[in-house]
$ cat query-v9.cif   # mmCIF, C-alpha atoms
data_coords
#
loop_
_atom_site.group_PDB
_atom_site.id
_atom_site.type_symbol
_atom_site.label_atom_id
_atom_site.label_comp_id
_atom_site.auth_asym_id
_atom_site.auth_seq_id
_atom_site.Cartn_x
_atom_site.Cartn_y
_atom_site.Cartn_z
ATOM 1 C CA MET W 72 52.670 -0.592 47.991
ATOM 2 C CA ARG W 73 53.421 2.158 45.392
ATOM 3 C CA ARG W 74 49.767 3.117 44.881
ATOM 4 C CA PRO W 75 49.778 6.108 47.406
ATOM 5 C CA VAL W 76 52.726 7.639 45.581
ATOM 6 C CA VAL W 77 50.916 7.379 42.233
ATOM 7 C CA ASN W 78 47.730 8.911 43.660
ATOM 8 C CA THR W 79 49.696 11.785 45.209
ATOM 9 C CA PHE W 80 51.409 12.468 41.880
ATOM 10 C CA PHE W 81 48.046 12.409 40.006
ATOM 11 C CA ALA W 82 46.434 14.833 42.479
ATOM 12 C CA ALA W 83 49.383 17.210 42.175
ATOM 13 C CA SER W 84 49.120 17.128 38.390
ATOM 14 C CA VAL W 85 45.418 17.951 38.452
ATOM 15 C CA LEU W 86 45.985 20.897 40.800
ATOM 16 C CA GLN W 87 48.777 22.226 38.612
ATOM 17 C CA TRP W 88 46.584 21.957 35.444
ATOM 18 C CA GLY W 89 43.723 23.732 37.198
ATOM 19 C CA SER W 90 45.935 26.627 38.289
ATOM 20 C CA GLN W 91 47.368 26.998 34.793
ATOM 21 C CA SER W 92 43.880 26.922 33.244
ATOM 22 C CA SER W 93 42.646 29.556 35.708
ATOM 23 C CA ALA W 94 45.561 31.778 34.889
ATOM 24 C CA ALA W 95 45.049 31.332 31.162
ATOM 25 C CA PHE W 96 41.296 32.079 31.256
ATOM 26 C CA SER W 97 40.891 35.380 33.121
ATOM 27 C CA VAL W 98 37.897 37.531 34.005
ATOM 28 C CA GLY W 99 38.615 39.663 31.009
ATOM 29 C CA ASP W 100 38.145 36.666 28.744
ATOM 30 C CA ILE W 101 34.765 35.963 30.306
ATOM 31 C CA HIS W 102 33.718 39.602 29.764
ATOM 32 C CA SER W 103 34.837 39.557 26.129
ATOM 33 C CA HIS W 104 32.666 36.479 25.467
ATOM 34 C CA THR W 105 29.538 37.684 27.256
ATOM 35 C CA ALA W 106 29.641 41.406 26.397
ATOM 36 C CA PRO W 107 27.848 41.071 23.024
ATOM 37 C CA PHE W 108 24.922 39.227 24.641
ATOM 38 C CA ILE W 109 24.690 41.740 27.505
ATOM 39 C CA SER W 110 24.685 44.766 25.212
ATOM 40 C CA GLN W 111 22.309 43.120 22.709
ATOM 41 C CA PRO W 112 19.680 40.895 24.425
ATOM 42 C CA SER W 113 18.090 40.104 21.052
ATOM 43 C CA LEU W 114 21.320 38.408 20.026
ATOM 44 C CA LEU W 115 21.074 36.083 23.034
ATOM 45 C CA GLN W 116 17.438 35.297 22.211
ATOM 46 C CA GLU W 117 18.330 34.552 18.583
ATOM 47 C CA SER W 118 21.191 32.247 19.632
ATOM 48 C CA ILE W 119 18.898 30.312 21.984
ATOM 49 C CA SER W 120 16.244 30.012 19.262
ATOM 50 C CA ASN W 121 18.797 28.682 16.796
ATOM 51 C CA LEU W 122 20.011 26.168 19.360
ATOM 52 C CA VAL W 123 16.485 24.959 20.108
ATOM 53 C CA SER W 124 15.542 24.696 16.438
ATOM 54 C CA SER W 125 18.701 22.755 15.634
ATOM 55 C CA THR W 126 17.981 20.211 18.368
ATOM 56 C CA ALA W 127 14.209 19.997 17.828
ATOM 57 C CA VAL W 128 12.557 16.825 16.602
ATOM 58 C CA VAL W 129 12.184 16.697 12.832
ATOM 59 C CA ASN W 130 8.645 17.351 11.622
ATOM 60 C CA PRO W 131 7.234 14.165 10.005
ATOM 61 C CA GLN W 132 5.297 16.281 7.523
ATOM 62 C CA GLN W 133 8.521 17.911 6.368
ATOM 63 C CA VAL W 134 10.160 14.509 6.022
ATOM 64 C CA ALA W 135 7.229 13.182 3.982
ATOM 65 C CA SER W 136 7.273 16.304 1.809
ATOM 66 C CA GLY W 137 11.002 15.895 1.206
ATOM 67 C CA VAL W 138 10.605 12.231 0.295
ATOM 68 C CA PHE W 139 7.762 13.050 -2.108
ATOM 69 C CA GLU W 140 9.772 15.816 -3.768
ATOM 70 C CA LYS W 141 12.713 13.450 -4.154
ATOM 71 C CA TYR W 142 10.428 10.812 -5.652
ATOM 72 C CA MET W 143 8.928 13.319 -8.088
ATOM 73 C CA SER W 144 12.354 14.509 -9.211
ATOM 74 C CA THR W 145 13.457 10.895 -9.733
ATOM 75 C CA LEU W 146 10.222 10.156 -11.601
ATOM 76 C CA SER W 147 10.823 13.164 -13.839
ATOM 77 C CA ALA W 148 14.438 12.216 -14.556
ATOM 78 C CA TYR W 149 13.919 8.442 -14.896
ATOM 79 C CA PRO W 150 10.187 7.854 -15.558
ATOM 80 C CA LEU W 151 10.206 4.248 -16.754
ATOM 81 C CA PRO W 152 12.596 2.713 -14.155
ATOM 82 C CA THR W 153 10.854 4.629 -11.359
ATOM 83 C CA LYS W 154 7.418 3.360 -12.394
ATOM 84 C CA MET W 155 8.711 -0.196 -12.730
ATOM 85 C CA LEU W 156 10.390 -0.174 -9.311
ATOM 86 C CA THR W 157 7.344 1.441 -7.702
ATOM 87 C CA GLY W 158 5.098 -1.248 -9.139
ATOM 88 C CA ALA W 159 7.438 -4.068 -8.121
ATOM 89 C CA THR W 160 7.779 -2.771 -4.563
ATOM 90 C CA LEU W 161 4.058 -2.305 -3.986
ATOM 91 C CA ALA W 162 3.174 -5.585 -5.710
ATOM 92 C CA THR W 163 5.594 -7.427 -3.424
ATOM 93 C CA ALA W 164 4.045 -5.686 -0.415
ATOM 94 C CA GLY W 165 0.557 -6.644 -1.595
ATOM 95 C CA ASP W 166 1.547 -10.275 -2.047
ATOM 96 C CA ALA W 167 3.156 -10.279 1.414
ATOM 97 C CA ILE W 168 -0.143 -9.014 2.851
ATOM 98 C CA ALA W 169 -2.018 -11.771 1.028
ATOM 99 C CA GLN W 170 0.459 -14.405 2.204
ATOM 100 C CA GLY W 171 0.174 -13.119 5.750
ATOM 101 C CA ARG W 172 -3.338 -14.542 6.055
ATOM 102 C CA GLU W 173 -2.116 -18.010 5.128
ATOM 103 C CA ASP W 174 -0.702 -20.559 7.528
ATOM 104 C CA ASP W 175 2.362 -21.433 5.444
ATOM 105 C CA ASP W 176 5.725 -19.682 5.528
ATOM 106 C CA TYR W 177 6.414 -16.779 3.202
ATOM 107 C CA ASN W 178 6.800 -18.029 -0.370
ATOM 108 C CA LEU W 179 9.797 -16.177 -1.766
ATOM 109 C CA SER W 180 9.351 -17.409 -5.345
ATOM 110 C CA ARG W 181 5.754 -16.224 -5.369
ATOM 111 C CA GLY W 182 6.785 -12.783 -4.106
ATOM 112 C CA ALA W 183 9.551 -12.626 -6.728
ATOM 113 C CA SER W 184 7.089 -13.597 -9.462
ATOM 114 C CA PHE W 185 4.798 -10.744 -8.491
ATOM 115 C CA ALA W 186 7.651 -8.251 -8.449
ATOM 116 C CA ALA W 187 8.967 -9.350 -11.843
ATOM 117 C CA PHE W 188 5.538 -9.498 -13.449
ATOM 118 C CA ASP W 189 4.489 -6.090 -12.143
ATOM 119 C CA MET W 190 7.683 -4.498 -13.454
ATOM 120 C CA VAL W 191 6.906 -5.838 -16.926
ATOM 121 C CA TYR W 192 3.252 -4.818 -16.737
ATOM 122 C CA ARG W 193 4.027 -1.253 -15.581
ATOM 123 C CA ALA W 194 6.459 -0.907 -18.475
ATOM 124 C CA THR W 195 3.707 -2.105 -20.809
ATOM 125 C CA GLN W 196 1.287 0.453 -19.387
ATOM 126 C CA HIS W 197 3.931 3.145 -19.780
ATOM 127 C CA TYR W 198 3.876 2.621 -23.557
ATOM 128 C CA LEU W 199 0.201 1.652 -24.000
ATOM 129 C CA PHE W 200 -1.474 4.468 -22.073
ATOM 130 C CA PRO W 201 -0.406 7.221 -24.526
ATOM 131 C CA ILE W 202 -1.870 5.123 -27.363
ATOM 132 C CA ILE W 203 -5.140 4.650 -25.474
ATOM 133 C CA VAL W 204 -5.313 8.363 -24.691
ATOM 134 C CA GLU W 205 -4.721 9.208 -28.337
ATOM 135 C CA LEU W 206 -7.331 6.796 -29.678
ATOM 136 C CA CYS W 207 -10.034 7.287 -27.054
ATOM 137 C CA ARG W 208 -11.090 10.917 -26.932
ATOM 138 C CA GLY W 209 -14.734 10.350 -26.073
ATOM 139 C CA GLN W 210 -15.904 10.187 -29.679
ATOM 140 C CA TYR W 211 -17.409 6.688 -29.426
ATOM 141 C CA LEU W 212 -19.493 7.275 -26.316
ATOM 142 C CA PHE W 213 -20.363 10.778 -27.488
ATOM 143 C CA GLY W 214 -21.711 9.334 -30.730
ATOM 144 C CA THR W 215 -23.791 6.871 -28.736
ATOM 145 C CA MET W 216 -25.123 9.625 -26.481
ATOM 146 C CA ALA W 217 -25.892 11.805 -29.514
ATOM 147 C CA ALA W 218 -27.828 8.972 -31.139
ATOM 148 C CA ILE W 219 -30.218 8.857 -28.186
ATOM 149 C CA GLY W 220 -30.390 12.641 -27.867
ATOM 150 C CA ALA W 221 -28.401 12.874 -24.631
ATOM 151 C CA ALA W 222 -25.152 14.375 -25.897
ATOM 152 C CA GLU W 223 -25.637 17.627 -23.975
ATOM 153 C CA LEU W 224 -25.995 15.859 -20.630
ATOM 154 C CA VAL W 225 -22.353 14.807 -20.286
ATOM 155 C CA ASP W 226 -18.952 16.369 -20.695
ATOM 156 C CA VAL W 227 -16.666 15.056 -23.430
ATOM 157 C CA SER W 228 -13.709 14.787 -21.033
ATOM 158 C CA SER W 229 -15.733 12.479 -18.777
ATOM 159 C CA LEU W 230 -16.665 10.353 -21.776
ATOM 160 C CA ALA W 231 -13.009 10.201 -22.812
ATOM 161 C CA ALA W 232 -11.989 9.023 -19.339
ATOM 162 C CA MET W 233 -14.667 6.326 -19.401
ATOM 163 C CA GLU W 234 -13.629 5.172 -22.889
ATOM 164 C CA ARG W 235 -10.010 4.848 -21.782
ATOM 165 C CA SER W 236 -11.053 2.925 -18.671
ATOM 166 C CA LEU W 237 -13.161 0.512 -20.706
ATOM 167 C CA ALA W 238 -10.403 0.065 -23.281
ATOM 168 C CA SER W 239 -7.967 -0.841 -20.524
ATOM 169 C CA GLN W 240 -10.313 -3.186 -18.673
ATOM 170 C CA LEU W 241 -12.067 -4.846 -21.608
ATOM 171 C CA ILE W 242 -9.108 -5.182 -23.994
ATOM 172 C CA ILE W 243 -5.756 -5.010 -22.195
ATOM 173 C CA VAL W 244 -6.716 -6.875 -19.019
ATOM 174 C CA PRO W 245 -8.491 -9.959 -20.447
ATOM 175 C CA PHE W 246 -6.365 -10.368 -23.552
ATOM 176 C CA MET W 247 -2.957 -9.292 -22.257
ATOM 177 C CA TYR W 248 -2.782 -8.931 -18.484
ATOM 178 C CA TYR W 249 -4.347 -12.176 -17.278
ATOM 179 C CA PRO W 250 -2.845 -14.525 -19.903
ATOM 180 C CA VAL W 251 0.644 -13.224 -19.140
ATOM 181 C CA PHE W 252 -0.110 -13.096 -15.407
ATOM 182 C CA PHE W 253 -1.103 -16.750 -15.105
ATOM 183 C CA THR W 254 1.655 -17.916 -17.440
ATOM 184 C CA PHE W 255 4.423 -15.923 -15.799
ATOM 185 C CA THR W 256 3.480 -16.489 -12.155
ATOM 186 C CA GLY W 257 2.838 -20.191 -12.814
ATOM 187 C CA TRP W 258 6.278 -20.586 -14.375
ATOM 188 C CA MET W 259 7.959 -18.684 -11.530
ATOM 189 C CA GLN W 260 6.171 -20.893 -8.975
ATOM 190 C CA GLY W 261 7.187 -24.115 -10.706
ATOM 191 C CA LEU W 262 3.789 -25.072 -12.108
ATOM 192 C CA SER W 263 3.563 -27.095 -15.296
ATOM 193 C CA PHE W 264 1.753 -25.661 -18.303
ATOM 194 C CA ASP W 265 -1.297 -27.839 -17.641
ATOM 195 C CA GLU W 266 -1.381 -26.838 -13.959
ATOM 196 C CA GLY W 267 -1.113 -23.157 -14.822
ATOM 197 C CA LEU W 268 -3.819 -23.501 -17.467
ATOM 198 C CA GLU W 269 -6.110 -25.277 -15.025
ATOM 199 C CA ARG W 270 -5.635 -22.525 -12.447
ATOM 200 C CA ALA W 271 -6.415 -19.898 -15.096
ATOM 201 C CA LYS W 272 -9.594 -21.714 -16.169
ATOM 202 C CA GLU W 273 -10.864 -21.927 -12.606
ATOM 203 C CA ASN W 274 -10.187 -18.324 -11.631
ATOM 204 C CA PHE W 275 -10.256 -16.195 -14.790
ATOM 205 C CA ILE W 276 -14.011 -15.482 -14.956
ATOM 206 C CA PRO W 277 -14.559 -14.654 -11.251
ATOM 207 C CA LEU W 278 -11.318 -12.643 -11.131
ATOM 208 C CA MET W 279 -12.382 -10.724 -14.219
ATOM 209 C CA LYS W 280 -15.815 -9.946 -12.760
ATOM 210 C CA ARG W 281 -14.304 -8.752 -9.505
ATOM 211 C CA ASN W 282 -11.652 -6.837 -11.415
ATOM 212 C CA LEU W 283 -14.244 -4.844 -13.380
ATOM 213 C CA LEU W 284 -16.190 -3.849 -10.265
ATOM 214 C CA PHE W 285 -13.140 -2.249 -8.672
ATOM 215 C CA TRP W 286 -10.858 -1.149 -11.483
ATOM 216 C CA ILE W 287 -13.265 0.595 -13.865
ATOM 217 C CA PRO W 288 -14.037 3.301 -11.251
ATOM 218 C CA VAL W 289 -10.366 3.472 -10.243
ATOM 219 C CA GLN W 290 -9.176 3.907 -13.814
ATOM 220 C CA TYR W 291 -11.894 6.461 -14.482
ATOM 221 C CA VAL W 292 -10.404 8.530 -11.640
ATOM 222 C CA GLN W 293 -6.944 7.882 -13.076
ATOM 223 C CA PHE W 294 -7.724 9.126 -16.581
ATOM 224 C CA CYS W 295 -9.985 11.963 -15.430
ATOM 225 C CA TYR W 296 -8.130 13.494 -12.469
ATOM 226 C CA ILE W 297 -4.596 12.097 -12.025
ATOM 227 C CA PRO W 298 -1.644 13.825 -13.778
ATOM 228 C CA THR W 299 -0.088 11.727 -16.531
ATOM 229 C CA ASP W 300 3.246 11.195 -14.743
ATOM 230 C CA LEU W 301 1.511 9.897 -11.607
ATOM 231 C CA GLN W 302 -1.055 7.622 -13.245
ATOM 232 C CA ILE W 303 0.979 4.403 -13.067
ATOM 233 C CA PRO W 304 2.192 5.024 -9.477
ATOM 234 C CA PHE W 305 -1.447 5.780 -8.615
ATOM 235 C CA LEU W 306 -2.514 2.399 -10.030
ATOM 236 C CA SER W 307 0.264 0.670 -8.075
ATOM 237 C CA CYS W 308 -0.982 2.252 -4.838
ATOM 238 C CA ALA W 309 -4.578 1.348 -5.709
ATOM 239 C CA GLY W 310 -3.486 -2.246 -6.330
ATOM 240 C CA LEU W 311 -1.863 -2.408 -2.904
ATOM 241 C CA ALA W 312 -5.007 -0.990 -1.274
ATOM 242 C CA TRP W 313 -7.182 -3.461 -3.207
ATOM 243 C CA THR W 314 -5.101 -6.430 -2.077
ATOM 244 C CA PHE W 315 -5.161 -5.198 1.509
ATOM 245 C CA ILE W 316 -8.966 -4.795 1.471
ATOM 246 C CA LEU W 317 -9.513 -8.280 0.056
ATOM 247 C CA SER W 318 -7.048 -9.813 2.512
ATOM 248 C CA VAL W 319 -8.736 -8.159 5.479
ATOM 249 C CA MET W 320 -12.183 -9.177 4.239
ATOM 250 C CA ALA W 321 -11.064 -12.746 3.633
ATOM 251 C CA GLY W 322 -9.414 -12.872 7.040
ATOM 252 C CA SER W 323 -12.556 -11.534 8.694
ATOM 253 C CA ALA W 324 -14.722 -14.020 6.835
ATOM 254 C CA LYS W 325 -12.502 -16.840 8.029
ATOM 255 C CA LYS W 326 -12.649 -15.516 11.588
ATOM 256 C CA TYR W 327 -16.429 -15.324 11.762
ATOM 257 C CA SER W 328 -17.272 -18.412 9.709
ATOM 258 C CA ASN W 329 -17.807 -21.902 11.058
ATOM 259 C CA ASP W 330 -16.965 -23.291 7.622
ATOM 260 C CA GLU W 331 -13.265 -22.399 7.742
ATOM 261 C CA ALA W 332 -12.090 -24.676 4.940
ATOM 262 C CA ASP W 333 -13.821 -22.687 2.198
ATOM 263 C CA HIS W 334 -12.413 -19.402 3.375
ATOM 264 C CA GLU W 335 -8.901 -20.676 3.935
ATOM 265 C CA THR W 336 -8.627 -21.124 0.174
ATOM 266 C CA TYR W 337 -10.415 -17.932 -0.872
ATOM 267 C CA CYS W 338 -8.552 -16.201 -3.712
ATOM 268 C CA VAL W 339 -7.276 -12.734 -2.957
ATOM 269 C CA ILE W 340 -4.766 -12.353 -5.783
ATOM 270 C CA GLY W 341 -5.491 -15.519 -7.743
ATOM 271 C CA THR W 342 -2.278 -17.462 -7.176
ATOM 272 C CA GLU W 343 -2.866 -18.953 -3.725
ATOM 273 C CA GLU W 344 -2.496 -22.717 -3.705
ATOM 274 C CA GLY W 345 -5.856 -24.382 -4.299
ATOM 275 C CA CYS W 346 -7.722 -21.090 -4.027
ATOM 276 C CA ILE W 347 -11.284 -20.620 -5.276
ATOM 277 C CA ILE W 348 -13.714 -17.755 -5.852
ATOM 278 C CA PRO W 349 -17.331 -18.993 -5.646
ATOM 279 C CA GLU W 350 -19.599 -17.564 -8.331
ATOM 280 C CA ASP W 351 -21.946 -16.163 -5.697
ATOM 281 C CA GLU W 352 -19.093 -14.775 -3.581
ATOM 282 C CA LEU W 353 -16.907 -12.484 -5.692
ATOM 283 C CA PHE W 354 -16.024 -10.700 -2.473
ATOM 284 C CA PRO W 355 -15.450 -12.402 0.883
ATOM 285 C CA VAL W 356 -18.746 -12.523 2.753
ATOM 286 C CA VAL W 357 -17.978 -10.721 5.983
ATOM 287 C CA LEU W 358 -20.905 -8.589 7.093
ATOM 288 C CA ASP W 359 -23.570 -11.268 6.706
ATOM 289 C CA GLU W 360 -21.552 -13.747 8.725
ATOM 290 C CA ILE W 361 -20.795 -11.162 11.398
ATOM 291 C CA ASP W 362 -24.511 -10.319 11.636
ATOM 292 C CA GLU W 363 -25.364 -14.007 11.951
ATOM 293 C CA LYS W 364 -22.751 -14.369 14.680
ATOM 294 C CA ILE W 365 -24.120 -11.357 16.539
ATOM 295 C CA VAL W 366 -27.711 -12.579 16.229
ATOM 296 C CA SER W 367 -26.727 -16.029 17.507
ATOM 297 C CA SER W 368 -24.908 -14.448 20.435
ATOM 298 C CA GLU W 369 -27.903 -12.279 21.323
ATOM 299 C CA LEU W 370 -30.242 -15.273 21.140
ATOM 300 C CA ALA W 371 -27.928 -17.220 23.431
ATOM 301 C CA LYS W 372 -27.929 -14.341 25.950
ATOM 302 C CA GLU W 373 -31.730 -14.112 25.861
ATOM 303 C CA THR W 374 -32.068 -17.849 26.402
ATOM 304 C CA LEU W 375 -29.638 -17.705 29.318
ATOM 305 C CA ALA W 376 -31.538 -14.781 30.855
ATOM 306 C CA LYS W 377 -34.865 -16.650 30.574
ATOM 307 C CA ASP W 378 -33.353 -19.719 32.246
ATOM 308 C CA GLU W 379 -32.040 -17.580 35.100
ATOM 309 C CA ASN W 380 -35.461 -15.950 35.551
ATOM 310 C CA ARG W 381 -37.107 -19.370 35.685
ATOM 311 C CA GLU W 382 -34.663 -20.485 38.369
ATOM 312 C CA VAL W 383 -35.438 -17.365 40.420
ATOM 313 C CA VAL W 384 -39.212 -17.944 40.114
ATOM 314 C CA ALA W 385 -38.811 -21.585 41.071
ATOM 315 C CA LYS W 386 -36.948 -20.574 44.215
#

$ encode --input "query-v9.cif" --output "structure tokens"
Amino acid sequence: MRRPVVNTFFAASVLQWGSQSSAAFSVGDIHSHTAPFISQPSLLQESISNLVSSTAVVNPQQVASGVFEKYMSTLSAYPLPTKMLTGATLATAGDAIAQGREDDDYNLSRGASFAAFDMVYRATQHYLFPIIVELCRGQYLFGTMAAIGAAELVDVSSLAAMERSLASQLIIVPFMYYPVFFTFTGWMQGLSFDEGLERAKENFIPLMKRNLLFWIPVQYVQFCYIPTDLQIPFLSCAGLAWTFILSVMAGSAKKYSNDEADHETYCVIGTEEGCIIPEDELFPVVLDEIDEKIVSSELAKETLAKDENREVVAK
């Protein structure tokens, strides 16, 4: 029953506040605020431009440039930890991509083993690459080229880059990388020594062959064109791209193949459970199987068209 009285009091208060506000803010106040913009139109245009620019959507290119500059400053201030964390992050992403093509749930211990191993390996590269660069200056390949009278055909810097690539792939990878890789990841995944050794025996040779086909050109680019500070992050990015390519190829091979069991266990990174790499299939066979599928489909369409034509003639 008291509600009308309350509403009347509220309305009276609002009217009183409005009259006080009107009295406090006069026409002269409005003129004093707008006079600068009326006398100087450029000032109004500048104010509007500043307002629009402050509320505009951030340019993605500027964001990416800022992130890259921040990364480079961190890399310059803390080179080893930055390289290790970069490698661990991208290795984990690569393993997640590889696990994504499998039917099982994400294996956390396997992802952790890749992150931990890659951190150690990037730290090893951080200290080994300067030694390789110092020892391999192109003198060995240049001597070989000179012996056959072809020394003038190539540049010494290119020979140095190739020597460093071969030293990394033919010495560090087979005698350091893969032994530690299979031992460390096997231990992290709970495999016994015999189980880890058996997995290494089955996959070492095909993995090594496939490794050389991809990584010798990549490391040639690394030693020939990439700045020293960015060489290890470059390799980490290349490793992620390599894993992604193999995963997509393996997934496509599985999609287009009638023999799904073989491709379900195709090795992308070498630690999948029960995975294999056939000697005649270092890379997942995708294009041939797609072509066969297309040819079979076309033959089926032609056969169907002939049958329909026969039915029309018969009628």

$ atom_distance --input "query-v9.cif" --atom1 "CA of Leu230 (chain W)" --atom2 "CA of Cys308 (chain W)"
24.5 Å

$ atom_distance --input "query-v9.cif" --atom1 "CA of Leu241 (chain W)" --atom2 "CA of Met279 (chain W)"
9.4 Å

$ closest_residue --input "query-v9.cif" --among "W:Met247, W:Ala164, W:Leu212, W:Ser228" --to "Leu199 (chain W)" --atoms "only C-alpha atoms"
W:Met247

$ residues_around --input "query-v9.cif" --residues "Arg270 (chain W)" --least-positions-apart "4" --cutoff "8 Å" --atoms "all atoms listed in the file" --output "PyMOL selection string"
chain W and resi 253+266+274

$ closest_residue --input "query-v9.cif" --among "W:Gln293, W:Ser307, W:Asn282, W:Thr314" --to "Phe200 (chain W)" --atoms "only C-alpha atoms"
W:Gln293

$ closest_residue --input "query-v9.cif" --among "W:Tyr248, W:Tyr142, W:Trp313, W:Phe185" --to "Leu301 (chain W)" --atoms "only C-alpha atoms"
W:Tyr142

$ closest_residue --input "query-v9.cif" --among "W:Gly310, W:Gly267, W:Pro288, W:Gly261" --to "Ser229 (chain W)" --atoms "only C-alpha atoms"
W:Pro288

$ atom_distance --input "query-v9.cif" --atom1 "CA of Gln260 (chain W)" --atom2 "CA of Leu179 (chain W)"
9.3 Å

$ closest_residue --input "query-v9.cif" --among "W:Val225, W:Leu151, W:Ala238, W:Ile297" --to "Met190 (chain W)" --atoms "all atoms listed in the file"
W:Leu151

$ resolve_selection --input "query-v9.cif" --expression "the PyMOL selection byres ((chain W and resi 259) around 10)" --output "PyMOL selection string"
chain W and resi 180-185+187-188+253-258+260-262

$ resolve_selection --input "query-v9.cif" --expression "the PyMOL selection byres ((chain W and resi 291) around 10)" --output "list of chain:residue names"
W:Ser229, W:Leu230, W:Ala231, W:Ala232, W:Met233, W:Glu234, W:Arg235, W:Ser236, W:Leu237, W:Trp286, W:Ile287, W:Pro288, W:Val289, W:Gln290, W:Val292, W:Gln293, W:Phe294, W:Cys295, W:Tyr296, W:Ile297
